[in-house]
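Below is the file start-v9.tsv, which contains TSV, C-alpha atoms.
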chain	number	residue	atom	x	y	z
A	1	MET	CA	67.68	62.81	-157.88
A	2	LYS	CA	66.30	65.23	-160.46
A	3	LYS	CA	63.11	63.15	-160.84
A	4	LYS	CA	62.49	63.18	-157.08
A	5	PHE	CA	62.93	66.95	-156.96
A	6	LEU	CA	60.49	67.44	-159.86
A	7	ALA	CA	57.96	65.08	-158.25
A	8	ALA	CA	58.19	66.93	-154.93
A	9	LEU	CA	57.81	70.27	-156.71
A	10	LEU	CA	54.77	69.04	-158.62
A	11	ILE	CA	53.12	67.67	-155.46
A	12	SER	CA	53.69	70.92	-153.58
A	13	MET	CA	52.26	72.97	-156.47
A	14	VAL	CA	49.13	70.82	-156.61
A	15	THR	CA	48.70	71.12	-152.83
A	16	VAL	CA	48.93	74.91	-152.99
A	17	LEU	CA	46.44	75.09	-155.86
A	18	LEU	CA	43.95	72.90	-154.01
A	19	ALA	CA	44.30	75.02	-150.88
A	20	LEU	CA	43.75	78.22	-152.83
A	21	SER	CA	40.73	76.88	-154.68
A	22	GLY	CA	39.03	76.10	-151.36
A	23	ALA	CA	39.80	79.56	-150.03
A	24	PHE	CA	37.97	81.21	-152.92
A	25	ALA	CA	34.79	79.11	-152.89
A	26	ALA	CA	31.29	80.63	-152.93
A	27	LYS	CA	29.96	82.49	-149.90
A	28	LEU	CA	26.52	83.63	-148.73
A	29	LEU	CA	26.48	87.35	-147.92
A	30	CYS	CA	23.77	89.49	-146.34
A	31	VAL	CA	22.73	92.38	-148.56
A	32	SER	CA	20.16	93.88	-146.17
A	33	HIS	CA	22.56	94.46	-143.26
A	34	GLN	CA	26.02	94.94	-144.70
A	35	GLU	CA	27.65	95.33	-141.27
A	36	LEU	CA	26.85	91.81	-139.96
A	37	LYS	CA	29.89	90.09	-138.46
A	38	GLY	CA	28.62	86.63	-137.53
A	39	GLU	CA	26.34	87.60	-134.65
A	40	THR	CA	23.59	85.34	-135.96
A	41	THR	CA	23.08	82.57	-138.49
A	42	VAL	CA	22.05	82.86	-142.11
A	43	ALA	CA	18.81	80.94	-141.37
A	44	LYS	CA	17.72	83.44	-138.69
A	45	CYS	CA	18.43	86.36	-141.01
A	46	VAL	CA	16.46	84.77	-143.85
A	47	ASP	CA	13.56	84.08	-141.48
A	48	GLN	CA	13.57	87.80	-140.59
A	49	GLY	CA	13.24	88.65	-144.29
A	50	MET	CA	16.80	89.77	-144.98
A	51	GLU	CA	18.15	89.48	-148.52
A	52	PHE	CA	21.18	87.34	-149.29
A	53	ALA	CA	23.48	86.99	-152.26
A	54	ILE	CA	26.02	84.43	-153.39
A	55	MET	CA	29.52	85.66	-154.13
A	56	ASP	CA	31.41	83.22	-156.34
A	57	ALA	CA	35.13	82.53	-156.54
A	58	GLN	CA	35.65	85.33	-159.07
A	59	GLY	CA	33.91	87.94	-156.89
A	60	PHE	CA	30.66	88.11	-158.85
A	61	VAL	CA	27.61	88.63	-156.64
A	62	ARG	CA	24.09	87.47	-157.43
A	63	ILE	CA	21.07	88.37	-155.29
A	64	LEU	CA	19.02	85.30	-154.36
A	65	THR	CA	15.27	85.30	-154.85
A	66	PRO	CA	13.03	83.84	-152.13
A	67	ARG	CA	12.43	80.80	-154.34
A	68	GLU	CA	16.17	80.22	-154.80
A	69	ILE	CA	16.67	80.46	-151.05
A	70	GLU	CA	13.84	77.99	-150.43
A	71	MET	CA	15.26	75.46	-152.91
A	72	THR	CA	18.83	75.87	-151.67
A	73	ARG	CA	17.67	75.42	-148.08
A	74	SER	CA	15.92	72.15	-148.99
A	75	ILE	CA	18.95	70.81	-150.89
A	76	ASN	CA	21.80	72.13	-148.72
A	77	PRO	CA	20.48	73.06	-145.25
A	78	LYS	CA	24.00	73.25	-143.79
A	79	ALA	CA	24.58	76.40	-145.84
A	80	PHE	CA	22.01	78.19	-143.66
A	81	GLU	CA	23.53	77.02	-140.36
A	82	THR	CA	26.65	79.14	-140.94
A	83	LYS	CA	27.25	82.55	-139.38
A	84	ALA	CA	25.87	85.49	-141.33
A	85	PHE	CA	28.22	88.16	-142.64
A	86	GLY	CA	27.41	91.33	-144.53
A	87	VAL	CA	28.96	92.44	-147.78
A	88	ASN	CA	31.41	94.74	-145.95
A	89	PHE	CA	32.90	91.71	-144.16
A	90	HIS	CA	32.91	89.25	-147.07
A	91	HIS	CA	36.51	88.30	-146.32
A	92	LEU	CA	35.42	86.86	-142.93
A	93	ALA	CA	32.44	84.91	-144.26
A	94	PRO	CA	32.72	81.12	-144.32
A	95	VAL	CA	32.44	79.27	-147.59
A	96	ILE	CA	29.20	77.48	-148.36
A	97	PRO	CA	29.47	73.89	-147.07
A	98	PRO	CA	29.51	71.36	-149.91
A	99	LEU	CA	26.71	68.91	-150.36
A	100	PRO	CA	27.30	65.53	-148.72
A	101	VAL	CA	28.22	62.76	-151.14
A	102	SER	CA	25.61	60.04	-151.32
A	103	PRO	CA	26.71	56.43	-150.73
A	104	GLU	CA	25.75	55.56	-154.32
A	105	VAL	CA	28.25	58.05	-155.73
A	106	SER	CA	31.15	57.25	-153.41
A	107	GLY	CA	30.99	53.57	-154.29
Translate the structure described by the file into structure tokens.
Amino acid sequence: MKKKFLAALLISMVTVLLALSGAFAAKLLCVSHQELKGETTVAKCVDQGMEFAIMDAQGFVRILTPREIEMTRSINPKAFETKAFGVNFHHLAPVIPPLPVSPEVSG
């Protein structure tokens, strides 16, 4: 009985940690217009010349250069299809979609 309780407790703790780690993943935030609330996509904002930054799970923000944006767009285009949010609304911004796993990696 004690082993079942400990196993259930361990499983629930792991589930909570995994849920929290996803909630604090990296986000793309608009630096140029800090009041954006998802009215447009990140791609449209970038095409208009707006600056973006990446906020990581610890809350550190790094401004992206045009070259970084270009390379990220070529590697992970789904990141630019998300709604654009300004720094003031970082809590509403969606996390950056992960890269798809290639068939070679998944087995």
## Note on the structure
A straight line from atom CA of Met71 of chain A to atom CA of Glu51 of chain A spans 15.0 Å
### Query
Could you pull the residues within 10 Å of segment 60-69 of chain A, counting all atoms listed in the file, minus those fewer than 4 positions along the same chain, as a list in words?
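These residues fall inside the cut-off: Ala26, Lys27, Leu28, Leu29, Cys30, Val31, Ala43, Val46, Gly49, Glu51, Phe52, Ala53, Ile54, Met55, Asp56, Arg73, Ser74, Ile75, Phe80 and Val87 of chain A.
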### Query
Any idea what the distance is between atom CA of Gln34 of chain A and atom CA of Ala57 of chain A?
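Interatomic distance, atom CA of Gln34 of chain A to atom CA of Ala57 of chain A: 19.4 Å.
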### Query
Which distance in Å separates atom CA of Val95 of chain A and atom CA of Leu36 of chain A, to one decimal?
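Atom CA of Val95 of chain A sits 15.7 Å away from atom CA of Leu36 of chain A.
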### Query
If you count all atoms listed in the file, which residues fall within 8 Å of Ala79 of chain A, apart from same-chain ones fewer than 6 positions away, as a PyMOL selection string?
chain A and resi 42+73+96-97
### Message
For a quick check of understanding, using all atoms listed in the file, which of A:Thr40, A:Gln58, A:Gln48, A:Thr72 has the smallest distance to Ala84 of chain A?
### Response
A:Thr40
May I ask you to restore N, CA and C atoms in segment 58-72 of chain A and write the result as a PDB file, keeping the file's coordinate frame?
ATOM      1  N   GLN A  58      35.112  84.220-158.314  1.00  0.00           N
ATOM      2  CA  GLN A  58      35.650  85.330-159.070  1.00  0.00           C
ATOM      3  C   GLN A  58      35.200  86.686-158.526  1.00  0.00           C
ATOM      4  N   GLY A  59      34.372  86.687-157.483  1.00  0.00           N
ATOM      5  CA  GLY A  59      33.910  87.940-156.890  1.00  0.00           C
ATOM      6  C   GLY A  59      32.612  88.463-157.461  1.00  0.00           C
ATOM      7  N   PHE A  60      31.958  87.695-158.335  1.00  0.00           N
ATOM      8  CA  PHE A  60      30.660  88.110-158.850  1.00  0.00           C
ATOM      9  C   PHE A  60      29.593  87.824-157.804  1.00  0.00           C
ATOM     10  N   VAL A  61      28.665  88.746-157.652  1.00  0.00           N
ATOM     11  CA  VAL A  61      27.610  88.630-156.640  1.00  0.00           C
ATOM     12  C   VAL A  61      26.274  88.554-157.343  1.00  0.00           C
ATOM     13  N   ARG A  62      25.433  87.622-156.881  1.00  0.00           N
ATOM     14  CA  ARG A  62      24.090  87.470-157.430  1.00  0.00           C
ATOM     15  C   ARG A  62      23.095  87.412-156.289  1.00  0.00           C
ATOM     16  N   ILE A  63      22.112  88.321-156.308  1.00  0.00           N
ATOM     17  CA  ILE A  63      21.070  88.370-155.290  1.00  0.00           C
ATOM     18  C   ILE A  63      20.164  87.153-155.447  1.00  0.00           C
ATOM     19  N   LEU A  64      19.878  86.486-154.332  1.00  0.00           N
ATOM     20  CA  LEU A  64      19.020  85.300-154.360  1.00  0.00           C
ATOM     21  C   LEU A  64      17.557  85.694-154.198  1.00  0.00           C
ATOM     22  N   THR A  65      16.704  85.084-154.989  1.00  0.00           N
ATOM     23  CA  THR A  65      15.270  85.300-154.850  1.00  0.00           C
ATOM     24  C   THR A  65      14.756  84.412-153.715  1.00  0.00           C
ATOM     25  N   PRO A  66      13.582  84.714-153.174  1.00  0.00           N
ATOM     26  CA  PRO A  66      13.030  83.840-152.130  1.00  0.00           C
ATOM     27  C   PRO A  66      12.893  82.382-152.584  1.00  0.00           C
ATOM     28  N   ARG A  67      12.562  82.172-153.841  1.00  0.00           N
ATOM     29  CA  ARG A  67      12.430  80.800-154.340  1.00  0.00           C
ATOM     30  C   ARG A  67      13.784  80.093-154.388  1.00  0.00           C
ATOM     31  N   GLU A  68      14.837  80.806-154.791  1.00  0.00           N
ATOM     32  CA  GLU A  68      16.170  80.220-154.800  1.00  0.00           C
ATOM     33  C   GLU A  68      16.622  79.872-153.385  1.00  0.00           C
ATOM     34  N   ILE A  69      16.324  80.733-152.450  1.00  0.00           N
ATOM     35  CA  ILE A  69      16.670  80.460-151.050  1.00  0.00           C
ATOM     36  C   ILE A  69      15.935  79.234-150.553  1.00  0.00           C
ATOM     37  N   GLU A  70      14.652  79.137-150.858  1.00  0.00           N
ATOM     38  CA  GLU A  70      13.840  77.990-150.430  1.00  0.00           C
ATOM     39  C   GLU A  70      14.398  76.676-151.002  1.00  0.00           C
ATOM     40  N   MET A  71      14.742  76.675-152.282  1.00  0.00           N
ATOM     41  CA  MET A  71      15.260  75.460-152.910  1.00  0.00           C
ATOM     42  C   MET A  71      16.651  75.113-152.375  1.00  0.00           C
ATOM     43  N   THR A  72      17.497  76.118-152.197  1.00  0.00           N
ATOM     44  CA  THR A  72      18.830  75.870-151.670  1.00  0.00           C
ATOM     45  C   THR A  72      18.748  75.333-150.250  1.00  0.00           C
TER      46      THR A  72
END
